[in-house]
>>> print(open('work17.cif').read())   # mmCIF, C-alpha atoms
data_work
#
loop_
_atom_site.label_atom_id
_atom_site.label_comp_id
_atom_site.auth_asym_id
_atom_site.auth_seq_id
_atom_site.Cartn_x
_atom_site.Cartn_y
_atom_site.Cartn_z
CA MET A 142 -222.32 -39.96 -75.00
CA THR A 143 -218.87 -38.91 -76.20
CA ALA A 144 -220.29 -35.81 -77.87
CA TYR A 145 -222.03 -34.76 -74.62
CA PHE A 146 -218.84 -35.37 -72.65
CA LEU A 147 -216.77 -33.25 -75.06
CA SER A 148 -219.30 -30.41 -75.16
CA ASP A 149 -219.67 -30.40 -71.35
CA THR A 150 -215.90 -30.46 -70.86
CA ALA A 151 -215.43 -27.65 -73.39
CA ALA A 152 -218.01 -25.49 -71.62
CA LEU A 153 -216.47 -26.13 -68.20
CA THR A 154 -212.97 -25.51 -69.58
CA GLY A 155 -214.17 -22.14 -70.87
CA ARG A 156 -215.43 -21.33 -67.37
CA SER A 157 -212.10 -22.30 -65.82
CA LEU A 158 -210.06 -20.42 -68.42
CA ARG A 159 -212.10 -17.27 -67.79
CA HIS A 160 -211.05 -17.45 -64.14
CA VAL A 161 -207.41 -17.75 -65.23
CA THR A 162 -207.60 -14.81 -67.67
CA ARG A 163 -209.23 -12.65 -65.00
CA SER A 164 -206.37 -13.45 -62.66
CA MET A 165 -203.28 -13.44 -64.86
CA ASP A 166 -201.13 -13.00 -61.76
CA THR A 167 -201.17 -16.80 -61.39
CA ILE A 168 -199.44 -17.24 -64.75
CA ILE A 169 -197.07 -14.36 -64.01
CA THR A 170 -196.20 -15.92 -60.65
CA THR A 171 -195.64 -19.26 -62.37
CA VAL A 172 -193.14 -17.62 -64.72
CA ILE A 173 -191.31 -15.48 -62.15
CA THR A 174 -189.42 -18.27 -60.37
CA PRO A 175 -188.10 -20.01 -63.51
CA VAL A 176 -187.12 -16.70 -65.10
CA ALA A 177 -185.37 -15.57 -61.91
CA MET A 178 -183.48 -18.89 -61.83
CA MET A 179 -182.54 -18.49 -65.48
CA LEU A 180 -181.24 -14.95 -64.94
CA MET A 181 -179.24 -15.98 -61.88
CA PHE A 182 -177.69 -19.07 -63.41
CA VAL A 183 -176.84 -17.50 -66.77
CA TYR A 184 -175.47 -14.19 -65.51
CA VAL A 185 -174.05 -15.25 -62.13
CA PHE A 186 -173.06 -18.92 -62.35
CA GLY A 187 -173.00 -19.55 -66.09
CA GLY A 188 -169.41 -18.45 -66.61
CA ALA A 189 -168.16 -20.99 -64.06
CA ILE A 190 -169.96 -23.99 -65.59
CA ASP A 191 -168.31 -25.78 -68.49
CA THR A 192 -170.88 -26.76 -71.11
CA GLY A 193 -168.42 -27.04 -73.98
CA SER A 194 -169.36 -25.25 -77.18
CA VAL A 195 -173.01 -24.85 -76.11
CA SER A 196 -174.01 -21.49 -74.65
CA TYR A 197 -175.22 -21.82 -71.10
CA VAL A 198 -178.67 -20.37 -71.79
CA ASN A 199 -179.13 -23.03 -74.50
CA TYR A 200 -177.88 -25.71 -72.12
CA MET A 201 -180.15 -24.87 -69.20
CA LEU A 202 -183.39 -23.83 -70.98
CA PRO A 203 -184.90 -27.37 -71.10
CA GLY A 204 -184.53 -27.68 -67.32
CA ILE A 205 -186.09 -24.25 -66.83
CA LEU A 206 -189.06 -25.32 -68.96
CA LEU A 207 -189.63 -28.36 -66.76
CA MET A 208 -189.36 -26.14 -63.67
CA THR A 209 -192.00 -23.85 -65.21
CA ILE A 210 -194.38 -26.79 -65.61
CA ALA A 211 -193.77 -27.98 -62.04
CA SER A 212 -194.48 -24.47 -60.79
CA GLY A 213 -197.65 -24.18 -62.89
CA ILE A 214 -199.29 -27.40 -61.76
CA SER A 215 -199.33 -26.20 -58.15
CA TYR A 216 -202.00 -23.73 -59.28
CA THR A 217 -203.92 -26.58 -60.88
CA ALA A 218 -204.10 -28.27 -57.49
CA TYR A 219 -205.07 -24.93 -55.91
CA ARG A 220 -207.89 -24.25 -58.39
CA LEU A 221 -209.24 -27.77 -57.99
CA PHE A 222 -209.07 -27.56 -54.19
CA THR A 223 -210.95 -24.24 -54.29
CA ASP A 224 -213.71 -25.72 -56.44
CA VAL A 225 -214.04 -28.72 -54.13
CA LYS A 226 -214.31 -26.56 -51.02
CA SER A 227 -216.77 -24.16 -52.65
CA GLY A 228 -219.23 -27.00 -53.29
CA ILE A 229 -219.23 -26.48 -57.05
CA PHE A 230 -218.73 -30.21 -57.59
CA GLU A 231 -222.00 -30.98 -55.80
CA ARG A 232 -223.85 -28.34 -57.81
CA PHE A 233 -222.51 -29.75 -61.08
CA GLN A 234 -223.56 -33.26 -60.04
CA SER A 235 -227.16 -32.08 -59.78
CA MET A 236 -227.02 -30.86 -63.39
CA PRO A 237 -227.38 -33.04 -66.53
CA ILE A 238 -223.67 -32.91 -67.44
CA ALA A 239 -220.89 -35.49 -67.62
CA ARG A 240 -219.75 -36.27 -64.07
CA SER A 241 -216.05 -36.21 -64.96
CA GLY A 242 -216.33 -33.13 -67.18
CA VAL A 243 -215.39 -30.73 -64.40
CA LEU A 244 -212.24 -32.75 -63.67
CA TRP A 245 -211.16 -32.87 -67.30
CA ALA A 246 -211.86 -29.15 -67.55
CA HIS A 247 -209.25 -28.50 -64.87
CA VAL A 248 -206.80 -30.73 -66.74
CA ALA A 249 -207.39 -28.88 -70.01
CA THR A 250 -207.04 -25.53 -68.26
CA SER A 251 -203.72 -26.65 -66.80
CA LEU A 252 -202.43 -27.53 -70.27
CA VAL A 253 -203.43 -24.14 -71.69
CA ALA A 254 -202.11 -22.12 -68.72
CA ASN A 255 -198.80 -23.98 -68.74
CA LEU A 256 -198.47 -23.53 -72.49
CA ILE A 257 -198.79 -19.77 -72.05
CA ALA A 258 -196.18 -19.83 -69.27
CA LEU A 259 -193.78 -21.89 -71.40
CA VAL A 260 -194.11 -19.48 -74.32
CA LEU A 261 -193.34 -16.55 -72.01
CA VAL A 262 -190.25 -18.29 -70.62
CA VAL A 263 -188.96 -19.13 -74.11
CA GLY A 264 -189.53 -15.49 -75.05
CA VAL A 265 -187.35 -14.34 -72.15
CA ALA A 266 -184.71 -16.93 -73.11
CA LEU A 267 -184.64 -15.53 -76.64
CA LEU A 268 -183.99 -12.06 -75.21
CA MET A 269 -181.14 -13.57 -73.17
CA GLY A 270 -179.51 -15.09 -76.26
CA PHE A 271 -181.12 -18.49 -76.69
CA ARG A 272 -180.88 -19.62 -80.29
CA SER A 273 -181.79 -22.86 -82.03
CA GLY A 274 -181.49 -23.98 -85.59
CA ALA A 275 -183.98 -26.79 -85.00
CA GLY A 276 -186.58 -27.35 -87.67
CA VAL A 277 -190.34 -27.47 -87.27
CA SER A 278 -190.36 -31.22 -86.63
CA ALA A 279 -187.82 -30.90 -83.80
CA TRP A 280 -189.79 -28.07 -82.19
CA LEU A 281 -193.01 -30.09 -82.48
CA ALA A 282 -191.28 -33.11 -80.92
CA ALA A 283 -190.02 -30.97 -78.02
CA ALA A 284 -193.47 -29.43 -77.60
CA GLY A 285 -195.03 -32.90 -77.61
CA ILE A 286 -192.73 -34.11 -74.83
CA LEU A 287 -193.40 -30.98 -72.78
CA LEU A 288 -197.15 -31.42 -73.31
CA LEU A 289 -196.98 -35.07 -72.23
CA PHE A 290 -194.94 -34.13 -69.16
CA THR A 291 -197.45 -31.39 -68.32
CA LEU A 292 -200.34 -33.83 -68.67
CA ALA A 293 -198.61 -36.36 -66.40
CA LEU A 294 -197.88 -33.80 -63.69
CA THR A 295 -201.38 -32.31 -64.02
CA TRP A 296 -202.98 -35.64 -63.15
CA LEU A 297 -200.50 -35.87 -60.29
CA ALA A 298 -201.71 -32.45 -59.13
CA VAL A 299 -205.32 -33.63 -59.23
CA ILE A 300 -204.66 -36.01 -56.32
CA PRO A 301 -203.77 -33.35 -53.68
CA GLY A 302 -206.29 -30.98 -55.28
CA LEU A 303 -209.04 -33.45 -54.39
CA SER A 304 -207.69 -34.83 -51.12
CA ALA A 305 -205.74 -32.03 -49.38
CA SER A 306 -207.14 -30.67 -46.16
CA SER A 307 -205.81 -27.14 -46.67
CA VAL A 308 -204.95 -24.84 -49.54
CA GLU A 309 -201.30 -24.90 -48.49
CA GLY A 310 -201.28 -28.68 -48.63
CA ALA A 311 -202.84 -28.66 -52.09
CA GLY A 312 -199.93 -26.77 -53.60
CA ALA A 313 -197.04 -27.87 -51.40
CA PHE A 314 -196.58 -31.19 -53.22
CA ALA A 315 -195.12 -29.29 -56.19
CA TYR A 316 -192.09 -27.94 -54.31
CA PRO A 317 -190.01 -31.15 -54.57
CA LEU A 318 -190.87 -31.28 -58.28
CA ILE A 319 -189.68 -27.70 -58.78
CA PHE A 320 -186.30 -28.49 -57.26
CA LEU A 321 -185.87 -31.94 -58.84
CA PRO A 322 -184.09 -30.43 -61.89
CA PHE A 323 -181.26 -29.31 -59.59
CA VAL A 324 -180.28 -32.97 -59.11
CA SER A 325 -180.21 -33.79 -62.81
CA SER A 326 -178.39 -32.77 -65.97
CA ALA A 327 -180.54 -29.63 -66.22
CA PHE A 328 -177.99 -27.12 -64.91
CA VAL A 329 -174.65 -28.93 -64.71
CA PRO A 330 -173.25 -32.06 -66.39
CA THR A 331 -173.85 -35.12 -64.22
CA LYS A 332 -170.23 -36.26 -64.65
CA THR A 333 -169.17 -33.61 -62.10
CA MET A 334 -171.40 -35.07 -59.35
CA PRO A 335 -170.33 -37.49 -56.60
CA GLY A 336 -171.09 -41.18 -57.25
CA PRO A 337 -174.45 -41.72 -55.48
CA VAL A 338 -175.76 -38.29 -56.50
CA ARG A 339 -174.67 -38.92 -60.09
CA TRP A 340 -176.47 -42.28 -60.13
CA PHE A 341 -179.69 -40.66 -58.91
CA ALA A 342 -179.34 -37.75 -61.33
CA GLU A 343 -178.83 -40.02 -64.33
CA ASN A 344 -181.73 -42.32 -63.45
CA GLN A 345 -184.49 -39.88 -62.55
CA PRO A 346 -187.04 -38.66 -65.12
CA VAL A 347 -185.87 -35.05 -65.47
CA THR A 348 -182.46 -35.97 -66.91
CA SER A 349 -183.76 -38.03 -69.82
CA ILE A 350 -186.42 -35.43 -70.65
CA VAL A 351 -183.92 -32.56 -70.46
CA ASN A 352 -181.35 -34.42 -72.56
CA THR A 353 -183.95 -35.20 -75.22
CA ILE A 354 -185.19 -31.61 -75.52
CA ARG A 355 -181.63 -30.27 -75.45
CA SER A 356 -180.65 -32.59 -78.31
CA LEU A 357 -183.71 -31.59 -80.32
CA PHE A 358 -182.91 -27.89 -79.92
CA ALA A 359 -179.25 -28.51 -80.85
CA GLN A 360 -180.13 -30.71 -83.86
CA ARG A 361 -178.29 -33.69 -82.40
CA PRO A 362 -179.43 -37.34 -82.38
CA VAL A 363 -181.61 -37.97 -79.33
CA GLY A 364 -180.51 -41.61 -78.93
CA ASP A 365 -182.20 -43.73 -76.29
CA ASP A 366 -183.00 -40.70 -74.12
CA ILE A 367 -186.25 -40.08 -75.97
CA TRP A 368 -187.56 -43.58 -75.20
CA THR A 369 -186.57 -43.26 -71.56
CA ALA A 370 -188.23 -39.84 -71.40
CA LEU A 371 -191.44 -41.13 -72.99
CA ALA A 372 -191.48 -44.15 -70.68
CA TRP A 373 -191.17 -41.91 -67.62
CA CYS A 374 -193.90 -39.53 -68.83
CA VAL A 375 -196.33 -42.29 -69.76
CA GLY A 376 -195.60 -44.22 -66.56
CA ILE A 377 -196.21 -41.18 -64.35
CA LEU A 378 -199.34 -40.33 -66.35
CA VAL A 379 -200.88 -43.79 -66.01
CA VAL A 380 -200.16 -44.13 -62.29
CA ALA A 381 -201.28 -40.57 -61.52
CA TYR A 382 -204.47 -40.99 -63.56
CA VAL A 383 -205.43 -44.20 -61.75
CA PHE A 384 -204.94 -42.67 -58.30
CA ALA A 385 -206.57 -39.37 -59.32
CA MET A 386 -209.71 -41.11 -60.58
CA ALA A 387 -209.84 -43.19 -57.40
CA ALA A 388 -209.64 -40.00 -55.34
CA TYR A 389 -212.34 -38.43 -57.51
CA ARG A 390 -214.71 -41.36 -57.05
CA ARG A 391 -214.23 -41.16 -53.29
CA LYS A 392 -214.87 -37.43 -53.34
CA ILE A 393 -218.11 -37.55 -55.31
CA ALA A 394 -219.44 -40.78 -53.79
#
>>> encode(input="work17.cif", output="structure tokens")
Amino acid sequence: MTAYFLSDTAALTGRSLRHVTRSMDTIITTVITPVAMMLMFVYVFGGAIDTGSVSYVNYMLPGILLMTIASGISYTAYRLFTDVKSGIFERFQSMPIARSGVLWAHVATSLVANLIALVLVVGVALLMGFRSGAGVSAWLAAAGILLLFTLALTWLAVIPGLSASSVEGAGAFAYPLIFLPFVSSAFVPTKTMPGPVRWFAENQPVTSIVNTIRSLFAQRPVGDDIWTALAWCVGILVVAYVFAMAAYRRKIA
């Protein structure tokens, strides 16, 4: 059974990835906003923000990477919504394939598409002066956290992708996620924020994830931030997966 599920999911993922590669403008659009933000903050606001001995592009890159993921998952919801409305789910149900394979294919496609977008953003950051002496293990740890965060938000995107009533509604849920890094340690130190805003910034998921990745890139001890970041990612993933599967069962019932 597992072998059939994996082979069906792989085949459906290939189908979904072909759609992405034939329309690379979705990945380019995903990258444009984070890169534009990075250019603006580094070259316009960067000189006015005190980040100590750390260059501003190094300081802000982790937040930009999370913004890239949040931007990318809106297209996951869009692609899923399009498949639902086209009736492809019903056609797949009449075929001898794993019922959840098409859903997992969209999840896998999201991971691959977001990985490509993240690589492009890091490439631009390198051109802008980003440098890191982190070793392979630190880069793998950062990549693992980004992958886990992408997986969590992808399952979150599945919910509106299955239940939205319009294409605009399917992707609109991502906008608050895109701007969440602005109220965190992603772009400015939280110590400069007013009391209530600082409390929110220091206790929302983006800050712990950003701090962990920033420490990994800078070869500093990650401290308790990594456990907080993992707890947030796993918590969001579990809750989103439960609600997404419930929405899927309602949709195909």
>>> atom_distance(input="work17.cif", atom1="CA of Leu357 (chain A)", atom2="CA of Trp280 (chain A)")
7.3 Å
>>> atom_distance(input="work17.cif", atom1="CA of Ala177 (chain A)", atom2="CA of Val324 (chain A)")
18.3 Å
>>> residues_around(input="work17.cif", residues="Ile257 (chain A)", least_positions_apart="5", cutoff="10 Å", atoms="all atoms listed in the file", output="list in words")
Ile168, Ile169, Val172, Ser251, Leu252 and Val262 of chain A
>>> resolve_selection(input="work17.cif", expression="the PyMOL selection byres ((chain A and resi 358-362) around 9)", output="MDAnalysis selection string")
chainID A and resid 195 199 272:276 279:280 283 353:357 363:364
>>> write_last_selection(input="work17.cif", atoms="C-alpha atoms", output="PDB file, in the coordinates of the input")
ATOM      1  CA  VAL A 195    -173.010 -24.850 -76.110  1.00  0.00           C
ATOM      2  CA  ASN A 199    -179.130 -23.030 -74.500  1.00  0.00           C
ATOM      3  CA  ARG A 272    -180.880 -19.620 -80.290  1.00  0.00           C
ATOM      4  CA  SER A 273    -181.790 -22.860 -82.030  1.00  0.00           C
ATOM      5  CA  GLY A 274    -181.490 -23.980 -85.590  1.00  0.00           C
ATOM      6  CA  ALA A 275    -183.980 -26.790 -85.000  1.00  0.00           C
ATOM      7  CA  GLY A 276    -186.580 -27.350 -87.670  1.00  0.00           C
ATOM      8  CA  ALA A 279    -187.820 -30.900 -83.800  1.00  0.00           C
ATOM      9  CA  TRP A 280    -189.790 -28.070 -82.190  1.00  0.00           C
ATOM     10  CA  ALA A 283    -190.020 -30.970 -78.020  1.00  0.00           C
ATOM     11  CA  THR A 353    -183.950 -35.200 -75.220  1.00  0.00           C
ATOM     12  CA  ILE A 354    -185.190 -31.610 -75.520  1.00  0.00           C
ATOM     13  CA  ARG A 355    -181.630 -30.270 -75.450  1.00  0.00           C
ATOM     14  CA  SER A 356    -180.650 -32.590 -78.310  1.00  0.00           C
ATOM     15  CA  LEU A 357    -183.710 -31.590 -80.320  1.00  0.00           C
ATOM     16  CA  VAL A 363    -181.610 -37.970 -79.330  1.00  0.00           C
ATOM     17  CA  GLY A 364    -180.510 -41.610 -78.930  1.00  0.00           C
TER      18      GLY A 364
END
>>> atom_distance(input="work17.cif", atom1="CA of Ala315 (chain A)", atom2="CA of Ala298 (chain A)")
7.9 Å
>>> closest_residue(input="work17.cif", among="A:Pro301, A:Thr170, A:Met181, A:Ala313", to="Asn255 (chain A)", atoms="all atoms listed in the file")
A:Thr170
>>> resolve_selection(input="work17.cif", expression="the PyMOL selection byres ((chain A and resi 329) around 10)", output="count of residues only")
19
>>> residues_around(input="work17.cif", residues="Leu259 (chain A)", least_positions_apart="4", cutoff="7 Å", atoms="all atoms listed in the file", output="ChimeraX atom specification")
/A:206,209,255,263
>>> resolve_selection(input="work17.cif", expression="the PyMOL selection byres ((chain A and resi 312) around 10)", output="ChimeraX atom specification")
/A:212-220,222,298,301-302,305,307-311,313-316
>>> closest_residue(input="work17.cif", among="A:Pro335, A:Gly270, A:Gly204, A:Gly188", to="Ile319 (chain A)", atoms="only C-alpha atoms")
A:Gly204
>>> closest_residue(input="work17.cif", among="A:Val347, A:Leu261, A:Leu281, A:Leu292", to="Leu378 (chain A)", atoms="all atoms listed in the file")
A:Leu292
>>> residues_around(input="work17.cif", residues="Leu303 (chain A)", least_positions_apart="4", cutoff="7 Å", atoms="all atoms listed in the file", output="list in words")
Leu221, Phe222, Val225, Val299, Ala388 and Tyr389 of chain A
